[in-house]
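File shown: entry_34.cif (mmCIF, N, CA and C atoms and all ligand atoms).
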data_model
loop_
_atom_site.label_atom_id
_atom_site.label_comp_id
_atom_site.auth_asym_id
_atom_site.auth_seq_id
_atom_site.Cartn_x
_atom_site.Cartn_y
_atom_site.Cartn_z
N MET A 1 14.02 -8.52 -1.78
CA MET A 1 12.94 -8.17 -0.85
C MET A 1 12.68 -6.67 -0.88
N SER A 2 11.42 -6.30 -0.79
CA SER A 2 11.07 -4.87 -0.79
C SER A 2 11.68 -4.18 0.41
N LYS A 3 12.07 -2.91 0.22
CA LYS A 3 12.60 -2.15 1.35
C LYS A 3 11.49 -1.70 2.28
N TYR A 4 10.23 -1.86 1.82
CA TYR A 4 9.10 -1.38 2.61
C TYR A 4 8.32 -2.50 3.26
N GLU A 5 7.95 -2.26 4.49
CA GLU A 5 6.89 -3.05 5.12
C GLU A 5 5.61 -2.28 4.82
N ILE A 6 4.58 -2.98 4.35
CA ILE A 6 3.35 -2.30 3.92
C ILE A 6 2.23 -2.60 4.90
N LYS A 7 1.56 -1.53 5.34
CA LYS A 7 0.40 -1.70 6.20
C LYS A 7 -0.78 -0.96 5.57
N ILE A 8 -1.96 -1.49 5.77
CA ILE A 8 -3.17 -0.82 5.28
C ILE A 8 -3.99 -0.41 6.49
N ASP A 9 -4.35 0.87 6.54
CA ASP A 9 -5.20 1.36 7.62
C ASP A 9 -6.66 1.06 7.24
N LYS A 10 -7.23 0.04 7.88
CA LYS A 10 -8.58 -0.42 7.54
C LYS A 10 -9.64 0.64 7.82
N PHE A 11 -9.32 1.57 8.69
CA PHE A 11 -10.30 2.61 9.01
C PHE A 11 -10.30 3.71 7.94
N LYS A 12 -9.24 3.77 7.16
CA LYS A 12 -9.15 4.80 6.13
C LYS A 12 -9.47 4.28 4.73
N CYS A 13 -9.21 3.00 4.48
CA CYS A 13 -9.41 2.45 3.14
C CYS A 13 -10.89 2.47 2.78
N VAL A 14 -11.19 3.06 1.61
CA VAL A 14 -12.58 3.14 1.15
C VAL A 14 -12.81 2.26 -0.09
N GLY A 15 -11.85 1.42 -0.39
CA GLY A 15 -12.03 0.46 -1.49
C GLY A 15 -12.04 1.10 -2.87
N SER A 16 -11.29 2.15 -3.05
CA SER A 16 -11.30 2.86 -4.34
C SER A 16 -10.63 2.08 -5.46
N THR A 17 -9.87 1.08 -5.12
CA THR A 17 -9.14 0.19 -6.05
C THR A 17 -7.93 0.84 -6.74
N LEU A 18 -7.63 2.08 -6.43
CA LEU A 18 -6.51 2.73 -7.14
C LEU A 18 -5.20 2.00 -6.90
N CYS A 19 -4.98 1.54 -5.68
CA CYS A 19 -3.73 0.82 -5.39
C CYS A 19 -3.68 -0.50 -6.16
N VAL A 20 -4.83 -1.13 -6.30
CA VAL A 20 -4.89 -2.41 -7.02
C VAL A 20 -4.60 -2.19 -8.50
N MET A 21 -5.13 -1.11 -9.05
CA MET A 21 -4.88 -0.81 -10.46
C MET A 21 -3.40 -0.47 -10.68
N ASP A 22 -2.83 0.18 -9.69
CA ASP A 22 -1.44 0.61 -9.80
C ASP A 22 -0.46 -0.55 -9.63
N ALA A 23 -0.72 -1.43 -8.70
CA ALA A 23 0.19 -2.54 -8.43
C ALA A 23 -0.61 -3.81 -8.11
N PRO A 24 -1.21 -4.42 -9.13
CA PRO A 24 -2.09 -5.57 -8.90
C PRO A 24 -1.36 -6.81 -8.39
N GLU A 25 -0.04 -6.82 -8.52
CA GLU A 25 0.73 -7.97 -7.99
C GLU A 25 0.86 -7.86 -6.47
N VAL A 26 0.66 -6.64 -5.97
CA VAL A 26 0.92 -6.38 -4.55
C VAL A 26 -0.37 -6.26 -3.74
N PHE A 27 -1.36 -5.54 -4.31
CA PHE A 27 -2.59 -5.24 -3.57
C PHE A 27 -3.80 -5.93 -4.21
N ALA A 28 -4.74 -6.31 -3.36
CA ALA A 28 -6.02 -6.84 -3.84
C ALA A 28 -7.09 -6.40 -2.85
N LEU A 29 -8.33 -6.39 -3.32
CA LEU A 29 -9.43 -6.08 -2.41
C LEU A 29 -9.99 -7.38 -1.85
N ASN A 30 -10.36 -7.36 -0.59
CA ASN A 30 -10.99 -8.55 0.00
C ASN A 30 -12.51 -8.43 -0.15
N GLY A 31 -13.23 -9.37 0.40
CA GLY A 31 -14.69 -9.41 0.26
C GLY A 31 -15.38 -8.22 0.90
N GLU A 32 -14.67 -7.52 1.76
CA GLU A 32 -15.25 -6.33 2.40
C GLU A 32 -14.83 -5.05 1.69
N MET A 33 -14.31 -5.21 0.46
CA MET A 33 -13.84 -4.08 -0.34
C MET A 33 -12.76 -3.27 0.39
N GLN A 34 -11.88 -4.01 1.02
CA GLN A 34 -10.75 -3.38 1.68
C GLN A 34 -9.48 -3.91 1.03
N SER A 35 -8.54 -3.02 0.84
CA SER A 35 -7.27 -3.44 0.26
C SER A 35 -6.48 -4.27 1.26
N HIS A 36 -5.78 -5.26 0.74
CA HIS A 36 -4.83 -5.99 1.56
C HIS A 36 -3.64 -6.38 0.70
N VAL A 37 -2.55 -6.71 1.35
CA VAL A 37 -1.31 -7.01 0.65
C VAL A 37 -1.28 -8.50 0.32
N ILE A 38 -1.12 -8.80 -0.97
CA ILE A 38 -1.02 -10.21 -1.35
C ILE A 38 0.44 -10.64 -1.47
N ASP A 39 1.31 -9.73 -1.91
CA ASP A 39 2.74 -10.05 -1.98
C ASP A 39 3.53 -8.75 -1.98
N ALA A 40 4.13 -8.45 -0.86
CA ALA A 40 4.86 -7.18 -0.71
C ALA A 40 6.11 -7.12 -1.57
N ASN A 41 6.54 -8.26 -2.07
CA ASN A 41 7.78 -8.29 -2.85
C ASN A 41 7.55 -8.48 -4.35
N ALA A 42 6.29 -8.34 -4.76
CA ALA A 42 5.97 -8.64 -6.16
C ALA A 42 6.19 -7.46 -7.10
N ALA A 43 6.49 -6.29 -6.55
CA ALA A 43 6.76 -5.13 -7.40
C ALA A 43 7.98 -4.42 -6.83
N ASP A 44 8.59 -3.56 -7.64
CA ASP A 44 9.77 -2.87 -7.12
C ASP A 44 9.33 -1.73 -6.19
N ASP A 45 10.30 -1.23 -5.44
CA ASP A 45 9.99 -0.24 -4.40
C ASP A 45 9.34 1.01 -4.95
N GLU A 46 9.79 1.40 -6.14
CA GLU A 46 9.24 2.60 -6.77
C GLU A 46 7.75 2.41 -7.07
N ALA A 47 7.38 1.22 -7.56
CA ALA A 47 5.98 0.94 -7.88
C ALA A 47 5.14 0.89 -6.60
N ILE A 48 5.70 0.36 -5.55
CA ILE A 48 4.96 0.30 -4.28
C ILE A 48 4.74 1.71 -3.72
N LEU A 49 5.78 2.53 -3.80
CA LEU A 49 5.64 3.91 -3.33
C LEU A 49 4.61 4.66 -4.17
N HIS A 50 4.66 4.45 -5.47
CA HIS A 50 3.71 5.12 -6.37
C HIS A 50 2.28 4.71 -6.03
N ALA A 51 2.08 3.41 -5.77
CA ALA A 51 0.73 2.93 -5.42
C ALA A 51 0.27 3.56 -4.11
N ALA A 52 1.17 3.65 -3.15
CA ALA A 52 0.81 4.26 -1.86
C ALA A 52 0.45 5.73 -2.05
N GLN A 53 1.19 6.39 -2.91
CA GLN A 53 0.93 7.81 -3.15
C GLN A 53 -0.36 8.02 -3.93
N SER A 54 -0.82 6.98 -4.62
CA SER A 54 -2.06 7.11 -5.39
C SER A 54 -3.30 6.99 -4.51
N CYS A 55 -3.13 6.52 -3.30
CA CYS A 55 -4.28 6.31 -2.41
C CYS A 55 -4.85 7.65 -1.96
N PRO A 56 -6.12 7.91 -2.27
CA PRO A 56 -6.70 9.21 -1.92
C PRO A 56 -6.92 9.38 -0.42
N MET A 57 -6.87 8.29 0.31
CA MET A 57 -7.13 8.34 1.75
C MET A 57 -5.85 8.24 2.60
N ASN A 58 -4.71 8.15 1.94
CA ASN A 58 -3.45 7.91 2.66
C ASN A 58 -3.57 6.69 3.58
N ALA A 59 -4.23 5.66 3.06
CA ALA A 59 -4.46 4.47 3.87
C ALA A 59 -3.32 3.46 3.81
N ILE A 60 -2.39 3.69 2.86
CA ILE A 60 -1.26 2.77 2.72
C ILE A 60 -0.06 3.36 3.44
N ILE A 61 0.43 2.64 4.40
CA ILE A 61 1.55 3.10 5.22
C ILE A 61 2.77 2.27 4.86
N LEU A 62 3.84 2.94 4.52
CA LEU A 62 5.09 2.25 4.19
C LEU A 62 6.11 2.51 5.28
N ILE A 63 6.66 1.44 5.80
CA ILE A 63 7.71 1.55 6.81
C ILE A 63 9.02 1.08 6.17
N ASP A 64 10.04 1.90 6.25
CA ASP A 64 11.36 1.53 5.74
C ASP A 64 11.93 0.46 6.67
N ARG A 65 12.13 -0.73 6.13
CA ARG A 65 12.59 -1.86 6.97
C ARG A 65 13.94 -1.56 7.61
N GLU A 66 14.78 -0.81 6.90
CA GLU A 66 16.13 -0.58 7.38
C GLU A 66 16.15 0.38 8.57
N THR A 67 15.37 1.45 8.47
CA THR A 67 15.41 2.48 9.51
C THR A 67 14.27 2.32 10.52
N GLY A 68 13.21 1.59 10.13
CA GLY A 68 12.05 1.48 11.00
C GLY A 68 11.19 2.73 10.98
N GLN A 69 11.57 3.68 10.11
CA GLN A 69 10.83 4.94 10.04
C GLN A 69 9.72 4.86 8.99
N LYS A 70 8.69 5.65 9.22
CA LYS A 70 7.60 5.72 8.24
C LYS A 70 8.10 6.46 7.00
N ALA A 71 7.97 5.83 5.84
CA ALA A 71 8.40 6.44 4.59
C ALA A 71 7.24 7.11 3.87
N TRP A 72 6.02 6.64 4.13
CA TRP A 72 4.80 7.23 3.56
C TRP A 72 3.62 6.85 4.42
N PRO A 73 2.62 7.70 4.63
CA PRO A 73 2.56 9.10 4.18
C PRO A 73 3.53 9.99 4.95
N ALA A 74 3.79 11.15 4.38
CA ALA A 74 4.80 12.04 4.94
C ALA A 74 4.43 12.49 6.34
N ARG A 75 3.13 12.58 6.61
CA ARG A 75 2.72 12.97 7.97
C ARG A 75 1.43 12.27 8.32
S1 LIG B 101 -6.13 3.21 -2.96
FE1 LIG B 101 -6.36 3.46 -0.74
S2 LIG B 101 -8.56 3.64 -0.42
FE2 LIG B 101 -8.27 2.79 -2.45
S3 LIG B 101 -8.38 0.55 -2.15
FE3 LIG B 101 -6.21 1.16 -2.03
S4 LIG B 101 -5.82 1.48 0.17
FE4 LIG B 101 -8.04 1.49 -0.14
#
Have the structure of the file written as structure tokens, please.
Ligand code: SF4
Amino acid sequence: MSKYEIKIDKFKCVGSTLCVMDAPEVFALNGEMQSHVIDANAADDEAILHAAQSCPMNAIILIDRETGQKAWPAR
């Protein structure tokens, strides 16, 4: 299981598709051109973090399941 809980901030996502290109097993765009999580466990943690870091809007929020702390974005 991924160490991250993944959330998408719908108010920030602009549908750039970068996260989908980075981790297509994890992210997909819905009919409103918004990213959503299709399978949080389909890629390793490093790939999920990389995809989150690729988001130009910082719309992907990663929560460390173990600590409950936000792992990304940094602020
Ligand atoms: S990279 Fe960010 S802005 Fe682009 S689709 Fe993914 S969540 Fe939305």
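With only C-alpha atoms and all ligand atoms counted, the chains near ligand LIG 101 (chain B) contribute these residues within 8 Å: Ile8, Asp9, Lys10, Lys12, Cys13, Val14, Gly15, Ser16, Thr17, Leu18, Cys19, Val20, Phe27, Ala28, Leu29, Met33, Gln34, Ser35, His36, Ala51, Ala52, Ser54, Cys55, Pro56, Met57, Asn58, Ala59 and Ile60 of chain A.
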Output N, CA and C atoms for every residue in the selection just made, as an mmCIF file, in the frame of the given file.
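Saved file out_31.cif follows:
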data_model
loop_
_atom_site.group_PDB
_atom_site.id
_atom_site.type_symbol
_atom_site.label_atom_id
_atom_site.label_comp_id
_atom_site.auth_asym_id
_atom_site.auth_seq_id
_atom_site.Cartn_x
_atom_site.Cartn_y
_atom_site.Cartn_z
ATOM 1 N N ILE A 8 -1.960 -1.490 5.770
ATOM 2 C CA ILE A 8 -3.170 -0.820 5.280
ATOM 3 C C ILE A 8 -3.990 -0.410 6.490
ATOM 4 N N ASP A 9 -4.350 0.870 6.540
ATOM 5 C CA ASP A 9 -5.200 1.360 7.620
ATOM 6 C C ASP A 9 -6.660 1.060 7.240
ATOM 7 N N LYS A 10 -7.230 0.040 7.880
ATOM 8 C CA LYS A 10 -8.580 -0.420 7.540
ATOM 9 C C LYS A 10 -9.640 0.640 7.820
ATOM 10 N N LYS A 12 -9.240 3.770 7.160
ATOM 11 C CA LYS A 12 -9.150 4.800 6.130
ATOM 12 C C LYS A 12 -9.470 4.280 4.730
ATOM 13 N N CYS A 13 -9.210 3.000 4.480
ATOM 14 C CA CYS A 13 -9.410 2.450 3.140
ATOM 15 C C CYS A 13 -10.890 2.470 2.780
ATOM 16 N N VAL A 14 -11.190 3.060 1.610
ATOM 17 C CA VAL A 14 -12.580 3.140 1.150
ATOM 18 C C VAL A 14 -12.810 2.260 -0.090
ATOM 19 N N GLY A 15 -11.850 1.420 -0.390
ATOM 20 C CA GLY A 15 -12.030 0.460 -1.490
ATOM 21 C C GLY A 15 -12.040 1.100 -2.870
ATOM 22 N N SER A 16 -11.290 2.150 -3.050
ATOM 23 C CA SER A 16 -11.300 2.860 -4.340
ATOM 24 C C SER A 16 -10.630 2.080 -5.460
ATOM 25 N N THR A 17 -9.870 1.080 -5.120
ATOM 26 C CA THR A 17 -9.140 0.190 -6.050
ATOM 27 C C THR A 17 -7.930 0.840 -6.740
ATOM 28 N N LEU A 18 -7.630 2.080 -6.430
ATOM 29 C CA LEU A 18 -6.510 2.730 -7.140
ATOM 30 C C LEU A 18 -5.200 2.000 -6.900
ATOM 31 N N CYS A 19 -4.980 1.540 -5.680
ATOM 32 C CA CYS A 19 -3.730 0.820 -5.390
ATOM 33 C C CYS A 19 -3.680 -0.500 -6.160
ATOM 34 N N VAL A 20 -4.830 -1.130 -6.300
ATOM 35 C CA VAL A 20 -4.890 -2.410 -7.020
ATOM 36 C C VAL A 20 -4.600 -2.190 -8.500
ATOM 37 N N PHE A 27 -1.360 -5.540 -4.310
ATOM 38 C CA PHE A 27 -2.590 -5.240 -3.570
ATOM 39 C C PHE A 27 -3.800 -5.930 -4.210
ATOM 40 N N ALA A 28 -4.740 -6.310 -3.360
ATOM 41 C CA ALA A 28 -6.020 -6.840 -3.840
ATOM 42 C C ALA A 28 -7.090 -6.400 -2.850
ATOM 43 N N LEU A 29 -8.330 -6.390 -3.320
ATOM 44 C CA LEU A 29 -9.430 -6.080 -2.410
ATOM 45 C C LEU A 29 -9.990 -7.380 -1.850
ATOM 46 N N MET A 33 -14.310 -5.210 0.460
ATOM 47 C CA MET A 33 -13.840 -4.080 -0.340
ATOM 48 C C MET A 33 -12.760 -3.270 0.390
ATOM 49 N N GLN A 34 -11.880 -4.010 1.020
ATOM 50 C CA GLN A 34 -10.750 -3.380 1.680
ATOM 51 C C GLN A 34 -9.480 -3.910 1.030
ATOM 52 N N SER A 35 -8.540 -3.020 0.840
ATOM 53 C CA SER A 35 -7.270 -3.440 0.260
ATOM 54 C C SER A 35 -6.480 -4.270 1.260
ATOM 55 N N HIS A 36 -5.780 -5.260 0.740
ATOM 56 C CA HIS A 36 -4.830 -5.990 1.560
ATOM 57 C C HIS A 36 -3.640 -6.380 0.700
ATOM 58 N N ALA A 51 2.080 3.410 -5.770
ATOM 59 C CA ALA A 51 0.730 2.930 -5.420
ATOM 60 C C ALA A 51 0.270 3.560 -4.110
ATOM 61 N N ALA A 52 1.170 3.650 -3.150
ATOM 62 C CA ALA A 52 0.810 4.260 -1.860
ATOM 63 C C ALA A 52 0.450 5.730 -2.050
ATOM 64 N N SER A 54 -0.820 6.980 -4.620
ATOM 65 C CA SER A 54 -2.060 7.110 -5.390
ATOM 66 C C SER A 54 -3.300 6.990 -4.510
ATOM 67 N N CYS A 55 -3.130 6.520 -3.300
ATOM 68 C CA CYS A 55 -4.280 6.310 -2.410
ATOM 69 C C CYS A 55 -4.850 7.650 -1.960
ATOM 70 N N PRO A 56 -6.120 7.910 -2.270
ATOM 71 C CA PRO A 56 -6.700 9.210 -1.920
ATOM 72 C C PRO A 56 -6.920 9.380 -0.420
ATOM 73 N N MET A 57 -6.870 8.290 0.310
ATOM 74 C CA MET A 57 -7.130 8.340 1.750
ATOM 75 C C MET A 57 -5.850 8.240 2.600
ATOM 76 N N ASN A 58 -4.710 8.150 1.940
ATOM 77 C CA ASN A 58 -3.450 7.910 2.660
ATOM 78 C C ASN A 58 -3.570 6.690 3.580
ATOM 79 N N ALA A 59 -4.230 5.660 3.060
ATOM 80 C CA ALA A 59 -4.460 4.470 3.870
ATOM 81 C C ALA A 59 -3.320 3.460 3.810
ATOM 82 N N ILE A 60 -2.390 3.690 2.860
ATOM 83 C CA ILE A 60 -1.260 2.770 2.720
ATOM 84 C C ILE A 60 -0.060 3.360 3.440
#
Q | Point-to-point distance in Å for atom CA of Asp44 of chain A and atom CA of Ala23 of chain A | A |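 Distance between the two atoms: 9.7 Å.
Taking atom N of Tyr4 of chain A and atom CA of Asp64 of chain A as the two end points, the separation is 5.3 Å.
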Q: Tell me, in Å to one decimal, how far atom CA of Asn30 of chain A is from atom CA of Leu62 of chain A.
A: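 Here the two named atoms are 19.8 Å from each other.
If you count only N, CA and C atoms and ignore residues fewer than 6 places along the chain from segment 45-47 of chain A, what sits within 8 Å of it is Met1, Ser2, Lys3, Tyr4, Asp22, Ala23 and Gln53 of chain A.
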N, CA and C atoms of the current selection, written as a CSV table (one decimal), in the coordinates of the input:
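Result file is again.csv:
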chain,number,residue,atom,x,y,z
A,1,MET,N,14.0,-8.5,-1.8
A,1,MET,CA,12.9,-8.2,-0.8
A,1,MET,C,12.7,-6.7,-0.9
A,2,SER,N,11.4,-6.3,-0.8
A,2,SER,CA,11.1,-4.9,-0.8
A,2,SER,C,11.7,-4.2,0.4
A,3,LYS,N,12.1,-2.9,0.2
A,3,LYS,CA,12.6,-2.2,1.4
A,3,LYS,C,11.5,-1.7,2.3
A,4,TYR,N,10.2,-1.9,1.8
A,4,TYR,CA,9.1,-1.4,2.6
A,4,TYR,C,8.3,-2.5,3.3
A,22,ASP,N,-2.8,0.2,-9.7
A,22,ASP,CA,-1.4,0.6,-9.8
A,22,ASP,C,-0.5,-0.6,-9.6
A,23,ALA,N,-0.7,-1.4,-8.7
A,23,ALA,CA,0.2,-2.5,-8.4
A,23,ALA,C,-0.6,-3.8,-8.1
A,53,GLN,N,1.2,6.4,-2.9
A,53,GLN,CA,0.9,7.8,-3.2
A,53,GLN,C,-0.4,8.0,-3.9
Q.
Counting all atoms listed in the file, find residues at most 7 Å from (2.2, -7.5, -7.2) (file frame) and give them as number ranges by chain.
A. A: 23-27, 38-43
Can you tell me, as AutoDock Vina command-line options, the centre and edge lengths (Å, one decimal) of the axis-aligned box enclosing all of segment 39-50 of chain A's listed atoms after padding each side by 8 Å?
--center_x 5.8 --center_y -2.5 --center_z -4.3 --size_x 25.0 --size_y 31.2 --size_z 23.2
To test your reading of the structure, identify every residue in segment 5-56 of chain A that backbone DSSP assigns to helix (DSSP H, G or I), and report it as a JSON list (two decimals) with N, CA and C atoms, keeping the file's coordinate frame.
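Saved file states_37.json follows:
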[["chain", "number", "residue", "atom", "x", "y", "z"],
["A", 18, "LEU", "N", -7.63, 2.08, -6.43],
["A", 18, "LEU", "CA", -6.51, 2.73, -7.14],
["A", 18, "LEU", "C", -5.20, 2.00, -6.90],
["A", 19, "CYS", "N", -4.98, 1.54, -5.68],
["A", 19, "CYS", "CA", -3.73, 0.82, -5.39],
["A", 19, "CYS", "C", -3.68, -0.50, -6.16],
["A", 20, "VAL", "N", -4.83, -1.13, -6.30],
["A", 20, "VAL", "CA", -4.89, -2.41, -7.02],
["A", 20, "VAL", "C", -4.60, -2.19, -8.50],
["A", 21, "MET", "N", -5.13, -1.11, -9.05],
["A", 21, "MET", "CA", -4.88, -0.81, -10.46],
["A", 21, "MET", "C", -3.40, -0.47, -10.68],
["A", 22, "ASP", "N", -2.83, 0.18, -9.69],
["A", 22, "ASP", "CA", -1.44, 0.61, -9.80],
["A", 22, "ASP", "C", -0.46, -0.55, -9.63],
["A", 45, "ASP", "N", 10.30, -1.23, -5.44],
["A", 45, "ASP", "CA", 9.99, -0.24, -4.40],
["A", 45, "ASP", "C", 9.34, 1.01, -4.95],
["A", 46, "GLU", "N", 9.79, 1.40, -6.14],
["A", 46, "GLU", "CA", 9.24, 2.60, -6.77],
["A", 46, "GLU", "C", 7.75, 2.41, -7.07],
["A", 47, "ALA", "N", 7.38, 1.22, -7.56],
["A", 47, "ALA", "CA", 5.98, 0.94, -7.88],
["A", 47, "ALA", "C", 5.14, 0.89, -6.60],
["A", 48, "ILE", "N", 5.70, 0.36, -5.55],
["A", 48, "ILE", "CA", 4.96, 0.30, -4.28],
["A", 48, "ILE", "C", 4.74, 1.71, -3.72],
["A", 49, "LEU", "N", 5.78, 2.53, -3.80],
["A", 49, "LEU", "CA", 5.64, 3.91, -3.33],
["A", 49, "LEU", "C", 4.61, 4.66, -4.17],
["A", 50, "HIS", "N", 4.66, 4.45, -5.47],
["A", 50, "HIS", "CA", 3.71, 5.12, -6.37],
["A", 50, "HIS", "C", 2.28, 4.71, -6.03],
["A", 51, "ALA", "N", 2.08, 3.41, -5.77],
["A", 51, "ALA", "CA", 0.73, 2.93, -5.42],
["A", 51, "ALA", "C", 0.27, 3.56, -4.11],
["A", 52, "ALA", "N", 1.17, 3.65, -3.15],
["A", 52, "ALA", "CA", 0.81, 4.26, -1.86],
["A", 52, "ALA", "C", 0.45, 5.73, -2.05],
["A", 53, "GLN", "N", 1.19, 6.39, -2.91],
["A", 53, "GLN", "CA", 0.93, 7.81, -3.15],
["A", 53, "GLN", "C", -0.36, 8.02, -3.93],
["A", 54, "SER", "N", -0.82, 6.98, -4.62],
["A", 54, "SER", "CA", -2.06, 7.11, -5.39],
["A", 54, "SER", "C", -3.30, 6.99, -4.51]]
Could you pull segment 1-58 of chain A out of the block above and save it with C-alpha atoms, as a PDB file, in the first residue's frame?
ATOM      1  CA  MET A   1       0.000   0.000   0.000  1.00  0.00           C
ATOM      2  CA  SER A   2       1.209   3.511  -0.784  1.00  0.00           C
ATOM      3  CA  LYS A   3       2.525   5.498   2.158  1.00  0.00           C
ATOM      4  CA  TYR A   4       0.576   8.473   0.828  1.00  0.00           C
ATOM      5  CA  GLU A   5      -3.053   9.394   0.958  1.00  0.00           C
ATOM      6  CA  ILE A   6      -3.622  11.450  -2.197  1.00  0.00           C
ATOM      7  CA  LYS A   7      -5.995  14.387  -2.435  1.00  0.00           C
ATOM      8  CA  ILE A   8      -6.660  16.667  -5.390  1.00  0.00           C
ATOM      9  CA  ASP A   9      -7.574  20.288  -4.764  1.00  0.00           C
ATOM     10  CA  LYS A  10     -10.366  20.796  -7.319  1.00  0.00           C
ATOM     11  CA  PHE A  11     -10.069  24.553  -7.010  1.00  0.00           C
ATOM     12  CA  LYS A  12      -6.422  24.473  -8.057  1.00  0.00           C
ATOM     13  CA  CYS A  13      -6.378  21.740 -10.714  1.00  0.00           C
ATOM     14  CA  VAL A  14      -6.360  23.258 -14.208  1.00  0.00           C
ATOM     15  CA  GLY A  15      -6.332  19.970 -16.113  1.00  0.00           C
ATOM     16  CA  SER A  16      -2.775  20.287 -17.390  1.00  0.00           C
ATOM     17  CA  THR A  17      -2.479  16.458 -17.527  1.00  0.00           C
ATOM     18  CA  LEU A  18       1.110  16.496 -16.234  1.00  0.00           C
ATOM     19  CA  CYS A  19       0.240  14.192 -13.336  1.00  0.00           C
ATOM     20  CA  VAL A  20      -1.528  11.815 -15.726  1.00  0.00           C
ATOM     21  CA  MET A  21       1.499  11.704 -18.021  1.00  0.00           C
ATOM     22  CA  ASP A  22       3.754  11.118 -15.040  1.00  0.00           C
ATOM     23  CA  ALA A  23       1.712   8.381 -13.360  1.00  0.00           C
ATOM     24  CA  PRO A  24      -1.126   7.210 -15.631  1.00  0.00           C
ATOM     25  CA  GLU A  25      -1.822   4.213 -13.381  1.00  0.00           C
ATOM     26  CA  VAL A  26      -2.660   6.575 -10.536  1.00  0.00           C
ATOM     27  CA  PHE A  27      -4.205   9.726 -12.030  1.00  0.00           C
ATOM     28  CA  ALA A  28      -6.799  10.331 -14.740  1.00  0.00           C
ATOM     29  CA  LEU A  29      -8.810  13.318 -15.882  1.00  0.00           C
ATOM     30  CA  ASN A  30     -12.564  13.242 -15.493  1.00  0.00           C
ATOM     31  CA  GLY A  31     -15.111  14.744 -17.891  1.00  0.00           C
ATOM     32  CA  GLU A  32     -14.597  18.145 -16.311  1.00  0.00           C
ATOM     33  CA  MET A  33     -10.855  18.017 -17.072  1.00  0.00           C
ATOM     34  CA  GLN A  34     -10.028  17.593 -13.433  1.00  0.00           C
ATOM     35  CA  SER A  35      -7.531  15.090 -12.146  1.00  0.00           C
ATOM     36  CA  HIS A  36      -8.740  12.330  -9.888  1.00  0.00           C
ATOM     37  CA  VAL A  37      -7.143   9.289  -8.324  1.00  0.00           C
ATOM     38  CA  ILE A  38      -7.954   5.997 -10.003  1.00  0.00           C
ATOM     39  CA  ASP A  39      -5.627   3.806  -7.916  1.00  0.00           C
ATOM     40  CA  ALA A  40      -3.428   5.250  -5.191  1.00  0.00           C
ATOM     41  CA  ASN A  41      -1.484   2.006  -4.936  1.00  0.00           C
ATOM     42  CA  ALA A  42      -0.716   1.508  -8.614  1.00  0.00           C
ATOM     43  CA  ALA A  43       2.683   3.219  -8.534  1.00  0.00           C
ATOM     44  CA  ASP A  44       5.489   3.349  -6.015  1.00  0.00           C
ATOM     45  CA  ASP A  45       5.764   6.201  -3.540  1.00  0.00           C
ATOM     46  CA  GLU A  46       8.607   7.844  -5.411  1.00  0.00           C
ATOM     47  CA  ALA A  47       6.541   7.993  -8.620  1.00  0.00           C
ATOM     48  CA  ILE A  48       3.562   9.431  -6.759  1.00  0.00           C
ATOM     49  CA  LEU A  49       5.720  12.100  -5.144  1.00  0.00           C
ATOM     50  CA  HIS A  50       7.290  12.920  -8.503  1.00  0.00           C
ATOM     51  CA  ALA A  51       3.842  13.290 -10.089  1.00  0.00           C
ATOM     52  CA  ALA A  52       2.712  15.572  -7.266  1.00  0.00           C
ATOM     53  CA  GLN A  53       5.838  17.663  -7.668  1.00  0.00           C
ATOM     54  CA  SER A  54       5.181  17.957 -11.407  1.00  0.00           C
ATOM     55  CA  CYS A  55       1.850  19.703 -10.820  1.00  0.00           C
ATOM     56  CA  PRO A  56       2.274  23.387 -11.713  1.00  0.00           C
ATOM     57  CA  MET A  57      -0.604  24.348  -9.429  1.00  0.00           C
ATOM     58  CA  ASN A  58       0.416  22.337  -6.352  1.00  0.00           C
TER      59      ASN A  58
END
